[in-house]
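Below is the file query15.txt, which contains compact mmCIF, C-alpha atoms.
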```txt
# COMPACT_ATOMS: atom_id res chain seq x y z
CA MET A 948 -19.56 32.49 -60.85
CA LEU A 949 -16.32 34.31 -60.19
CA SER A 950 -14.61 36.16 -62.97
CA ARG A 951 -11.03 35.14 -63.74
CA PRO A 952 -9.37 37.92 -61.70
CA GLU A 953 -11.66 37.28 -58.74
CA ALA A 954 -11.07 33.55 -58.97
CA ALA A 955 -7.34 34.10 -59.00
CA SER A 956 -7.49 36.34 -55.96
CA ALA A 957 -9.62 33.79 -54.13
CA SER A 958 -7.12 30.96 -54.53
CA LEU A 959 -4.29 30.06 -52.20
CA SER A 960 -0.83 30.40 -53.72
CA LEU A 961 2.05 28.04 -52.95
CA SER A 962 3.57 30.74 -50.76
CA GLN A 963 0.34 31.10 -48.78
CA LEU A 964 0.02 27.33 -48.42
CA ARG A 965 3.58 27.23 -47.05
CA ILE A 966 2.71 29.96 -44.56
CA LEU A 967 -0.41 28.06 -43.51
CA ALA A 968 1.53 24.82 -43.11
CA LEU A 969 4.24 26.42 -40.95
CA ALA A 970 1.70 28.32 -38.86
CA SER A 971 -0.47 25.24 -38.32
CA LEU A 972 2.53 23.04 -37.49
CA GLY A 973 3.80 25.47 -34.88
CA GLY A 974 0.32 25.96 -33.43
CA ALA A 975 -0.30 22.23 -33.19
CA LEU A 976 3.03 21.70 -31.42
CA GLU A 977 2.31 24.51 -28.94
CA PHE A 978 -1.09 23.09 -28.02
CA TYR A 979 0.45 19.62 -27.84
CA ASP A 980 3.09 20.91 -25.43
CA PHE A 981 0.43 22.63 -23.34
CA VAL A 982 -1.99 19.71 -22.93
CA ILE A 983 0.42 16.80 -22.35
CA PHE A 984 1.03 18.28 -18.90
CA ALA A 985 -2.64 17.61 -18.07
CA PHE A 986 -2.50 14.07 -19.49
CA LEU A 987 0.59 13.29 -17.39
CA ALA A 988 -0.39 15.24 -14.25
CA LYS A 989 -0.56 12.14 -12.04
CA LEU A 990 3.00 11.05 -12.90
CA ILE A 991 4.30 14.61 -12.65
CA ALA A 992 2.80 14.85 -9.15
CA ALA A 993 4.66 11.70 -8.09
CA HIS A 994 8.02 13.07 -9.25
CA PHE A 995 7.87 16.73 -8.25
CA PHE A 996 6.17 16.70 -4.85
CA PRO A 997 7.13 14.97 -1.57
CA ALA A 998 6.22 11.30 -1.31
CA SER A 999 5.14 11.97 2.28
CA GLN A 1000 2.13 13.95 1.02
CA ALA A 1001 -1.19 12.26 0.29
CA GLU A 1002 -1.67 11.29 -3.35
CA TRP A 1003 -4.73 13.52 -3.75
CA LEU A 1004 -2.76 16.51 -2.44
CA ARG A 1005 0.13 15.93 -4.81
CA GLN A 1006 -2.27 15.61 -7.75
CA ALA A 1007 -4.10 18.78 -6.68
CA GLU A 1008 -0.75 20.61 -6.58
CA ALA A 1009 0.12 19.31 -10.05
CA PHE A 1010 -3.21 20.57 -11.42
CA GLY A 1011 -2.47 23.85 -9.67
CA LEU A 1012 0.69 24.13 -11.78
CA PHE A 1013 -1.39 23.30 -14.85
CA GLY A 1014 -3.78 26.12 -13.94
CA ALA A 1015 -0.87 28.54 -13.53
CA GLY A 1016 -0.37 28.28 -17.27
CA TYR A 1017 -3.89 29.60 -17.83
CA LEU A 1018 -3.32 32.51 -15.46
CA ALA A 1019 -0.16 33.51 -17.33
CA ARG A 1020 -1.91 33.58 -20.70
CA PRO A 1021 -3.49 37.07 -20.53
CA LEU A 1022 -0.29 38.86 -19.46
CA GLY A 1023 1.98 37.02 -21.86
CA GLY A 1024 -0.48 37.35 -24.71
CA LEU A 1025 -1.06 41.06 -24.14
CA VAL A 1026 2.67 41.84 -23.98
CA MET A 1027 3.41 39.91 -27.17
CA ALA A 1028 0.36 41.35 -28.90
CA HIS A 1029 1.53 44.88 -28.04
CA PHE A 1030 4.82 44.31 -29.84
CA GLY A 1031 2.99 42.48 -32.63
CA ASP A 1032 0.90 45.59 -33.33
CA VAL A 1033 3.86 47.97 -32.95
CA SER A 1034 6.90 46.06 -34.26
CA GLY A 1035 5.44 43.40 -36.54
CA ARG A 1036 3.57 40.09 -36.51
CA LYS A 1037 6.42 37.85 -37.68
CA LYS A 1038 8.85 38.53 -34.81
CA VAL A 1039 6.31 37.76 -32.11
CA PHE A 1040 4.92 34.77 -34.02
CA THR A 1041 8.41 33.22 -34.08
CA LEU A 1042 9.15 34.16 -30.45
CA SER A 1043 6.04 32.35 -29.17
CA VAL A 1044 7.34 28.99 -30.47
CA LEU A 1045 10.70 29.54 -28.77
CA LEU A 1046 8.99 30.42 -25.48
CA MET A 1047 7.08 27.13 -25.66
CA ALA A 1048 9.91 24.88 -26.90
CA VAL A 1049 12.43 25.82 -24.20
CA PRO A 1050 10.29 25.12 -21.08
CA THR A 1051 8.78 21.98 -22.65
CA LEU A 1052 12.20 20.46 -23.29
CA LEU A 1053 13.39 21.47 -19.81
CA MET A 1054 10.34 19.81 -18.25
CA GLY A 1055 11.42 16.54 -19.81
CA LEU A 1056 14.94 16.91 -18.41
CA LEU A 1057 14.25 18.51 -15.02
CA PRO A 1058 15.25 16.37 -11.99
CA GLY A 1059 12.51 15.61 -9.50
CA TYR A 1060 11.88 16.37 -5.83
CA GLU A 1061 14.28 13.70 -4.58
CA THR A 1062 17.17 15.48 -6.31
CA LEU A 1063 16.32 19.19 -6.11
CA GLY A 1064 13.95 19.28 -3.17
CA VAL A 1065 11.52 22.19 -3.03
CA ALA A 1066 13.33 23.82 -5.95
CA ALA A 1067 11.90 21.18 -8.31
CA PRO A 1068 8.22 22.27 -8.14
CA LEU A 1069 9.25 25.94 -8.09
CA ILE A 1070 11.25 25.55 -11.30
CA LEU A 1071 8.38 23.57 -12.80
CA LEU A 1072 6.03 26.43 -11.92
CA ALA A 1073 8.30 28.94 -13.68
CA LEU A 1074 8.44 26.72 -16.77
CA ARG A 1075 4.67 26.34 -16.74
CA VAL A 1076 4.23 30.13 -16.57
CA MET A 1077 6.53 30.46 -19.60
CA GLN A 1078 4.34 27.98 -21.47
CA GLY A 1079 1.22 29.94 -20.60
CA ALA A 1080 2.76 33.20 -21.76
CA ALA A 1081 3.80 31.57 -25.04
CA ILE A 1082 0.42 30.06 -25.86
CA GLY A 1083 -1.22 33.36 -24.95
CA GLY A 1084 0.48 34.86 -28.00
CA GLU A 1085 0.35 31.83 -30.31
CA ALA A 1086 -3.35 31.46 -31.12
CA PRO A 1087 -4.16 35.20 -31.54
CA GLY A 1088 -0.88 35.78 -33.36
CA GLY A 1089 -1.47 32.82 -35.66
CA TRP A 1090 -5.00 33.93 -36.55
CA VAL A 1091 -3.86 37.45 -37.36
CA PHE A 1092 -0.82 36.25 -39.28
CA VAL A 1093 -2.59 33.81 -41.62
CA SER A 1094 -5.66 35.99 -42.14
CA GLU A 1095 -3.51 38.95 -43.22
CA HIS A 1096 -1.55 36.73 -45.60
CA ALA A 1097 -4.63 35.10 -47.16
CA SER A 1098 -6.11 36.09 -50.51
CA ALA A 1099 -9.38 38.00 -50.60
CA GLY A 1100 -12.20 35.49 -50.28
CA ARG A 1101 -10.03 32.89 -48.55
CA THR A 1102 -9.48 34.34 -45.07
CA GLY A 1103 -12.06 31.95 -43.61
CA LEU A 1104 -10.32 28.92 -45.10
CA ALA A 1105 -6.90 30.12 -43.95
CA THR A 1106 -8.09 30.87 -40.42
CA GLY A 1107 -9.95 27.56 -40.23
CA LEU A 1108 -6.89 25.55 -41.27
CA LEU A 1109 -4.89 27.19 -38.49
CA THR A 1110 -7.67 26.58 -35.94
CA GLY A 1111 -7.79 22.96 -37.08
CA GLY A 1112 -4.05 22.80 -36.52
CA LEU A 1113 -4.45 24.07 -32.96
CA THR A 1114 -7.10 21.47 -32.09
CA GLY A 1115 -4.98 18.90 -33.93
CA GLY A 1116 -2.32 19.51 -31.28
CA ILE A 1117 -4.71 18.14 -28.65
CA LEU A 1118 -5.29 15.11 -30.89
CA LEU A 1119 -1.54 14.64 -31.32
CA GLY A 1120 -1.03 14.75 -27.56
CA SER A 1121 -3.69 12.08 -27.02
CA ILE A 1122 -2.13 9.81 -29.65
CA ILE A 1123 1.38 10.19 -28.20
CA ILE A 1124 0.19 9.37 -24.68
CA LEU A 1125 -1.76 6.31 -25.89
CA SER A 1126 1.28 5.13 -27.88
CA LEU A 1127 3.52 5.63 -24.88
CA HIS A 1128 1.39 3.38 -22.71
CA ALA A 1129 1.06 0.82 -25.50
CA ILE A 1130 4.81 0.55 -26.18
CA LEU A 1131 6.34 0.86 -22.69
CA ALA A 1132 5.62 -1.12 -19.55
CA PRO A 1133 3.71 0.78 -16.82
CA ASP A 1134 6.72 0.87 -14.48
CA VAL A 1135 8.94 2.25 -17.26
CA VAL A 1136 6.41 4.99 -18.03
CA SER A 1137 6.24 5.87 -14.33
CA SER A 1138 10.02 5.90 -13.97
CA TRP A 1139 11.23 7.85 -17.00
CA GLY A 1140 8.97 7.18 -19.99
CA TRP A 1141 6.67 10.09 -19.09
CA ARG A 1142 9.52 12.44 -20.02
CA ILE A 1143 9.53 11.34 -23.68
CA PRO A 1144 6.49 13.40 -24.83
CA PHE A 1145 8.06 16.57 -23.36
CA VAL A 1146 11.39 15.95 -25.09
CA ILE A 1147 9.62 15.24 -28.38
CA GLY A 1148 7.61 18.44 -28.09
CA GLY A 1149 10.65 20.54 -27.23
CA VAL A 1150 12.77 19.21 -30.09
CA PHE A 1151 10.05 19.64 -32.69
CA GLY A 1152 9.29 23.09 -31.27
CA PHE A 1153 12.84 24.21 -32.02
CA GLY A 1154 12.39 22.84 -35.53
CA ALA A 1155 9.19 24.82 -35.98
CA MET A 1156 10.92 27.98 -34.73
CA PHE A 1157 13.74 27.51 -37.26
CA LEU A 1158 11.24 27.03 -40.10
CA ARG A 1159 9.27 30.11 -39.08
CA ARG A 1160 12.36 32.24 -39.68
CA TRP A 1161 11.56 31.94 -43.38
CA LEU A 1162 8.10 33.47 -42.99
CA GLU A 1163 7.50 36.97 -44.34
CA GLU A 1164 5.85 39.87 -42.55
CA THR A 1165 2.15 40.19 -43.38
CA PRO A 1166 1.18 42.54 -46.24
CA VAL A 1167 -1.31 44.31 -43.96
CA PHE A 1168 1.35 45.24 -41.39
CA ARG A 1169 3.85 46.27 -44.09
CA GLU A 1170 1.24 48.58 -45.59
CA MET A 1171 0.42 50.08 -42.18
CA HIS A 1172 4.15 50.56 -41.51
CA ASP A 1173 4.70 52.26 -44.88
CA ARG A 1174 1.75 54.60 -44.22
CA ALA A 1175 2.86 55.20 -40.61
CA GLU A 1176 -0.49 53.82 -39.43
CA THR A 1177 0.84 51.53 -36.70
CA ALA A 1178 -0.37 52.26 -33.19
CA GLY A 1179 1.23 55.48 -31.95
CA THR A 1180 0.08 54.88 -28.39
CA LEU A 1181 -0.52 51.77 -26.32
CA PRO A 1182 -2.81 49.44 -28.34
CA ALA A 1183 -4.55 48.39 -25.11
CA LYS A 1184 -5.42 52.04 -24.42
CA ILE A 1185 -6.95 52.40 -27.89
CA LEU A 1186 -8.94 49.19 -27.40
CA LEU A 1187 -10.41 50.21 -24.07
CA ARG A 1188 -11.27 53.67 -25.42
CA ASP A 1189 -12.75 52.82 -28.83
CA HIS A 1190 -13.50 49.09 -29.05
CA ARG A 1191 -15.24 48.04 -25.85
CA ARG A 1192 -18.12 46.43 -27.78
CA GLY A 1193 -15.73 44.31 -29.83
CA ILE A 1194 -13.91 43.22 -26.67
CA LEU A 1195 -17.11 42.22 -24.87
CA CYS A 1196 -18.55 40.28 -27.82
CA SER A 1197 -15.22 38.53 -28.44
CA MET A 1198 -14.97 37.51 -24.78
CA MET A 1199 -18.48 36.06 -24.86
CA THR A 1200 -17.84 34.02 -28.02
CA THR A 1201 -14.58 32.77 -26.49
CA TRP A 1202 -16.62 31.59 -23.50
CA THR A 1203 -18.63 29.43 -25.88
CA LEU A 1204 -15.40 28.13 -27.42
CA THR A 1205 -14.02 27.11 -24.02
CA ALA A 1206 -17.28 25.37 -23.08
CA ALA A 1207 -17.27 23.34 -26.29
CA ILE A 1208 -13.65 22.22 -25.97
CA VAL A 1209 -13.49 21.72 -22.20
CA VAL A 1210 -16.92 20.09 -21.65
CA LEU A 1211 -17.26 18.04 -24.84
CA VAL A 1212 -13.61 16.94 -25.18
CA LEU A 1213 -11.24 17.51 -22.26
CA VAL A 1214 -13.38 16.65 -19.22
CA MET A 1215 -15.71 14.27 -21.05
CA PRO A 1216 -13.71 11.10 -20.12
CA PRO A 1217 -13.80 11.58 -16.32
CA LEU A 1218 -17.42 12.77 -16.45
CA MET A 1219 -18.54 9.69 -18.36
CA GLN A 1220 -16.58 7.43 -16.04
CA THR A 1221 -18.23 9.00 -13.00
CA LEU A 1222 -21.76 9.54 -14.30
CA HIS A 1223 -22.26 6.41 -16.37
CA HIS A 1224 -19.42 4.07 -15.33
CA VAL A 1225 -17.88 3.91 -18.79
CA SER A 1226 -14.44 2.27 -18.91
CA PRO A 1227 -11.37 4.57 -19.10
CA SER A 1228 -10.21 3.00 -22.38
CA GLU A 1229 -13.58 3.61 -24.02
CA THR A 1230 -13.68 7.22 -22.87
CA MET A 1231 -10.15 7.86 -24.18
CA ILE A 1232 -11.10 6.51 -27.61
CA ALA A 1233 -14.25 8.63 -27.50
CA SER A 1234 -12.14 11.70 -26.69
CA LEU A 1235 -9.96 10.99 -29.72
CA ALA A 1236 -13.06 10.67 -31.93
CA ALA A 1237 -14.48 13.93 -30.60
CA THR A 1238 -11.20 15.80 -31.14
CA LEU A 1239 -10.79 14.49 -34.69
CA CYS A 1240 -14.34 15.50 -35.64
CA LEU A 1241 -13.91 18.85 -33.88
CA THR A 1242 -10.85 19.51 -36.03
CA ILE A 1243 -12.79 18.72 -39.21
CA SER A 1244 -15.83 20.78 -38.22
CA VAL A 1245 -13.88 23.96 -37.41
CA VAL A 1246 -12.11 23.88 -40.78
CA VAL A 1247 -15.38 23.37 -42.67
CA MET A 1248 -17.34 26.00 -40.74
CA SER A 1249 -14.55 28.58 -41.00
CA SER A 1250 -14.32 28.00 -44.75
CA LEU A 1251 -18.05 28.60 -45.12
CA THR A 1252 -17.58 32.18 -43.85
CA ASP A 1253 -16.00 32.94 -47.22
CA ILE A 1254 -19.40 32.17 -48.82
CA PHE A 1255 -22.17 32.78 -46.26
CA PRO A 1256 -22.81 35.60 -43.75
CA LEU A 1257 -21.13 35.08 -40.38
CA ARG A 1258 -24.30 35.81 -38.41
CA PHE A 1259 -26.30 33.19 -40.32
CA LEU A 1260 -23.61 30.57 -39.68
CA GLY A 1261 -23.50 31.63 -36.03
CA VAL A 1262 -27.19 30.83 -35.52
CA ILE A 1263 -26.92 27.46 -37.28
CA SER A 1264 -23.75 26.39 -35.49
CA GLY A 1265 -25.01 27.62 -32.11
CA LEU A 1266 -28.08 25.39 -32.41
CA ALA A 1267 -25.90 22.50 -33.58
CA LEU A 1268 -23.61 22.90 -30.56
CA ALA A 1269 -26.56 22.60 -28.16
CA VAL A 1270 -27.86 19.53 -30.01
CA GLY A 1271 -24.45 17.88 -29.90
CA ALA A 1272 -24.11 18.50 -26.16
CA PHE A 1273 -27.49 16.96 -25.36
CA GLY A 1274 -26.75 14.06 -27.69
CA LEU A 1275 -23.51 13.29 -25.85
CA TYR A 1276 -24.71 13.71 -22.26
CA GLY A 1277 -28.43 13.03 -22.65
CA VAL A 1278 -28.87 10.41 -25.36
CA SER A 1279 -25.61 8.43 -25.46
CA PRO A 1280 -26.13 6.82 -21.97
CA ASN A 1281 -29.13 5.01 -23.49
CA PHE A 1282 -26.83 3.34 -26.04
CA PRO A 1283 -24.10 1.41 -24.17
CA HIS A 1284 -20.78 0.89 -25.98
CA MET A 1285 -21.65 3.57 -28.57
CA LEU A 1286 -20.01 6.48 -26.76
CA SER A 1287 -17.40 6.98 -29.47
CA LEU A 1288 -20.09 7.55 -32.10
CA TRP A 1289 -21.92 10.09 -29.98
CA ALA A 1290 -18.62 11.78 -29.09
CA ALA A 1291 -17.80 12.02 -32.79
CA PHE A 1292 -21.26 13.52 -33.40
CA SER A 1293 -20.72 16.12 -30.68
CA GLY A 1294 -17.34 17.00 -32.22
CA LEU A 1295 -18.98 17.55 -35.61
CA CYS A 1296 -21.46 19.90 -33.90
CA CYS A 1297 -18.61 22.11 -32.63
CA GLY A 1298 -18.30 24.22 -35.76
CA PHE A 1299 -19.00 27.35 -33.69
CA VAL A 1300 -15.40 27.07 -32.45
CA GLY A 1301 -14.26 27.86 -36.00
CA LEU A 1302 -16.41 31.00 -36.15
CA VAL A 1303 -14.97 32.56 -32.99
CA PRO A 1304 -11.61 33.70 -34.46
CA ILE A 1305 -13.37 34.93 -37.62
CA GLY A 1306 -15.65 37.10 -35.51
CA MET A 1307 -12.73 38.47 -33.51
CA LEU A 1308 -10.66 39.23 -36.61
CA ARG A 1309 -13.57 41.24 -38.04
CA ALA A 1310 -14.26 43.04 -34.77
CA PHE A 1311 -10.99 45.02 -34.64
CA PRO A 1312 -9.16 47.26 -37.14
CA ALA A 1313 -5.70 46.17 -38.30
CA MET A 1314 -3.92 48.76 -36.13
CA VAL A 1315 -4.99 47.01 -32.89
CA ARG A 1316 -6.15 43.65 -34.26
CA PHE A 1317 -3.46 41.53 -32.58
CA SER A 1318 -3.98 43.20 -29.21
CA GLY A 1319 -7.77 43.04 -29.52
CA LEU A 1320 -7.75 39.31 -30.15
CA SER A 1321 -5.19 38.64 -27.47
CA LEU A 1322 -6.91 40.71 -24.78
CA SER A 1323 -10.37 39.25 -25.44
CA TYR A 1324 -9.37 35.65 -26.07
CA ASN A 1325 -6.83 35.21 -23.27
CA ILE A 1326 -8.75 36.91 -20.47
CA SER A 1327 -11.91 35.02 -21.35
CA TYR A 1328 -10.09 31.70 -21.70
CA ALA A 1329 -8.23 32.22 -18.42
CA VAL A 1330 -11.46 32.96 -16.53
CA PHE A 1331 -13.86 30.50 -18.12
CA GLY A 1332 -11.29 27.83 -18.91
CA GLY A 1333 -10.47 27.69 -15.22
CA LEU A 1334 -14.04 28.04 -13.91
CA THR A 1335 -15.83 25.65 -16.29
CA PRO A 1336 -14.62 22.38 -14.70
CA ALA A 1337 -15.53 23.71 -11.25
CA ILE A 1338 -18.98 24.84 -12.43
CA ILE A 1339 -19.67 21.47 -14.05
CA SER A 1340 -18.50 19.62 -10.92
CA ALA A 1341 -20.84 21.70 -8.77
CA LEU A 1342 -23.89 21.25 -11.03
CA THR A 1343 -23.51 17.58 -12.00
CA PRO A 1344 -24.71 16.17 -8.62
CA HIS A 1345 -28.04 17.92 -9.22
CA THR A 1346 -28.57 16.51 -12.73
CA PRO A 1347 -26.46 14.40 -15.14
CA LEU A 1348 -27.57 16.79 -17.89
CA ALA A 1349 -25.69 19.69 -16.27
CA PRO A 1350 -22.82 19.60 -18.81
CA ALA A 1351 -25.26 19.74 -21.74
CA ILE A 1352 -27.29 22.54 -20.15
CA TYR A 1353 -24.12 24.55 -19.53
CA VAL A 1354 -22.92 24.15 -23.13
CA ALA A 1355 -26.37 25.04 -24.50
CA PHE A 1356 -26.46 28.18 -22.33
CA THR A 1357 -23.03 29.31 -23.54
CA ALA A 1358 -24.08 28.53 -27.12
CA LEU A 1359 -26.98 30.97 -26.72
CA ILE A 1360 -24.66 33.63 -25.25
CA GLY A 1361 -22.10 33.12 -28.01
CA THR A 1362 -24.70 33.27 -30.78
CA ILE A 1363 -26.07 36.57 -29.47
CA ALA A 1364 -22.54 37.96 -29.07
CA LEU A 1365 -21.53 36.94 -32.60
CA TRP A 1366 -24.70 38.57 -33.97
CA CYS A 1367 -23.95 41.83 -32.13
CA SER A 1368 -20.20 41.87 -32.81
CA PRO A 1369 -18.98 44.69 -35.07
CA GLU A 1370 -17.85 43.56 -38.52
CA ARG A 1371 -15.04 45.16 -40.52
CA ALA A 1372 -13.71 44.11 -43.89
```
Would you put the structure from the file into structure tokens?
Amino acid sequence: MLSRPEAASASLSLSQLRILALASLGGALEFYDFVIFAFLAKLIAAHFFPASQAEWLRQAEAFGLFGAGYLARPLGGLVMAHFGDVSGRKKVFTLSVLLMAVPTLLMGLLPGYETLGVAAPLILLALRVMQGAAIGGEAPGGWVFVSEHASAGRTGLATGLLTGGLTGGILLGSIIILSLHAILAPDVVSSWGWRIPFVIGGVFGFGAMFLRRWLEETPVFREMHDRAETAGTLPAKILLRDHRRGILCSMMTTWTLTAAIVVLVLVMPPLMQTLHHVSPSETMIASLAATLCLTISVVVMSSLTDIFPLRFLGVISGLALAVGAFGLYGVSPNFPHMLSLWAAFSGLCCGFVGLVPIGMLRAFPAMVRFSGLSLSYNISYAVFGGLTPAIISALTPHTPLAPAIYVAFTALIGTIALWCSPERA
């Protein structure tokens, strides 16, 4: 039982709940803005590349623009994290929303190839790079911001709510796209309706930026500033000199995170359509179920770190992730028309995703925490987020269990890395 003072310190005040709500809202909108490009890639290809090109080439070029966002994440995240460790968390946390809202709105308004010619895809590329730079600072910045605002004994809950908000952005994007196709005729969606999700994201992004102006700087950074303990040299230099173990372990756990999200949620629909001839509508509903359960599981598992040791939870959730992957890709084909249930089960087994930011937050001291998270998370996500679909595509012809084997392998790597990661209060 907690004593009264301890219980009070372990509760979330109204101010902290407001901070969590604003941080989660902004994070959800940023991930929404980032993923709707992938959902609408086919229509974007038709508008921004020459009609004389083959359809497969235009779609490949559109996915190339999508990938450019991943490549921009490490640089953008590291630059923003540098200023977050030197100048303050709040300024960078607000800037990341602006950097996402502007290009997202412009994507919805940008004329296509018929009007601008070759300038259209080039401008789209620049906007996509801006999005990547913004999201590179959003997730690490959000985790640092809410964890440093949280009461003692509630950092896991606070971090988990933000992580749930980020994955909720993927869910929001799926719902908006499904609603768009349900409300508008296919020719209307192809003509101009595809622009609506971008305009919605841009407008709400500006709203989130305005609301974040009312956030306060974190107590941890204010204390460091008052004691003149902020980084006196480049935070990246300090990281590479003194925290190589934390960087390596954080990169490995992020690899597990990318495998869980990419393999069990994002590329699951096309894989199931190809491997087991499941209808597109059924796979989309299954993806929604998986994302919803993923959101719930990361909040619950993150909250449990306030009670149980992180390493113990890492072993349990690593095993659960492997079981969920084999259930989805190994067992579900034996139960036709039950894909949504197995997808939901796999999402519930993704609690390891909620442990990754907790491990990274504990791996670095406050002076370089923002930069440590950003460097590890963004480089790993850029590499493995881009390579995972290609690896799965190469292995699947050899065995339909390749996606499950890959996720299980990364779960083992992530569990070992989380066990070996340094822990600081």
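In this structure, CA of Ala1351 in chain A sits 20.8 Å away from CA of Met1198 in chain A.
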Closest atom pairs, range 1269-1367 of chain A residues within 6 Å of range 1226-1246 of chain A, all atoms listed in the file, as a tab-separated table:
```
residue	atom	partner	partner_atom	distance
A:Ser1287	CA	A:Ala1233	CA	4.1
A:Ala1290	CA	A:Ala1237	CA	4.9
A:Ala1291	CA	A:Ala1237	CA	4.4
A:Gly1294	CA	A:Leu1241	CA	4.2
A:Leu1295	CA	A:Cys1240	CA	5.1
A:Cys1297	CA	A:Leu1241	CA	5.9
A:Gly1298	CA	A:Val1245	CA	4.7
A:Gly1301	CA	A:Val1245	CA	4.2
```
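Separating CA of Ile1123 in chain A from CA of Gly1149 in chain A is a distance of 13.9 Å.
The shortest atom-to-atom distance to Thr1362 in chain A, with only C-alpha atoms taken into account, belongs to A:Leu1257 out of A:Val1278, A:Leu1334, A:Leu972, A:Leu1257.
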query: What lies within 8 Å of Gly1112 in chain A using all atoms listed in the file, ignoring chain neighbours under 3 positions off, as an NGL selection string?
result: :A and (971-972 or 974-975 or 1108-1109 or 1115-1116 or 1242)
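CA of Trp1202 in chain A sits 8.0 Å away from CA of Gly1332 in chain A.
Proximity ranking of A:Pro997, A:His1128, A:Phe984, A:Arg1101 relative to Leu1072 in chain A places A:Phe984 first, based on all atoms listed in the file.
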Can you write out as CSV which residues of range 1043-1123 of chain A fall within 10 Å of range 1139-1145 of chain A, alongside each residue's closest atom pair and its distance in Å to one decimal, counting only C-alpha atoms and ordering rows by chain and ascending residue number?
```
residue,atom,partner,partner_atom,distance
A:Ala1048,CA,A:Phe1145,CA,9.2
A:Pro1050,CA,A:Phe1145,CA,9.1
A:Thr1051,CA,A:Phe1145,CA,5.5
A:Leu1052,CA,A:Phe1145,CA,5.7
A:Leu1053,CA,A:Phe1145,CA,8.1
A:Met1054,CA,A:Phe1145,CA,6.5
A:Gly1055,CA,A:Arg1142,CA,4.5
A:Leu1056,CA,A:Arg1142,CA,7.2
A:Leu1057,CA,A:Arg1142,CA,9.2
A:Gly1120,CA,A:Pro1144,CA,8.1
A:Ile1123,CA,A:Pro1144,CA,6.9
```
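For Met1307 in chain A, the set of protein, DNA and RNA residues having any atom at most 8 Å away, when counting only C-alpha atoms and skipping those fewer than 3 positions along the same chain, is Gly1193, Ser1197, Val1303, Pro1304, Ala1310, Phe1311, Gly1319 and Leu1320 of chain A.
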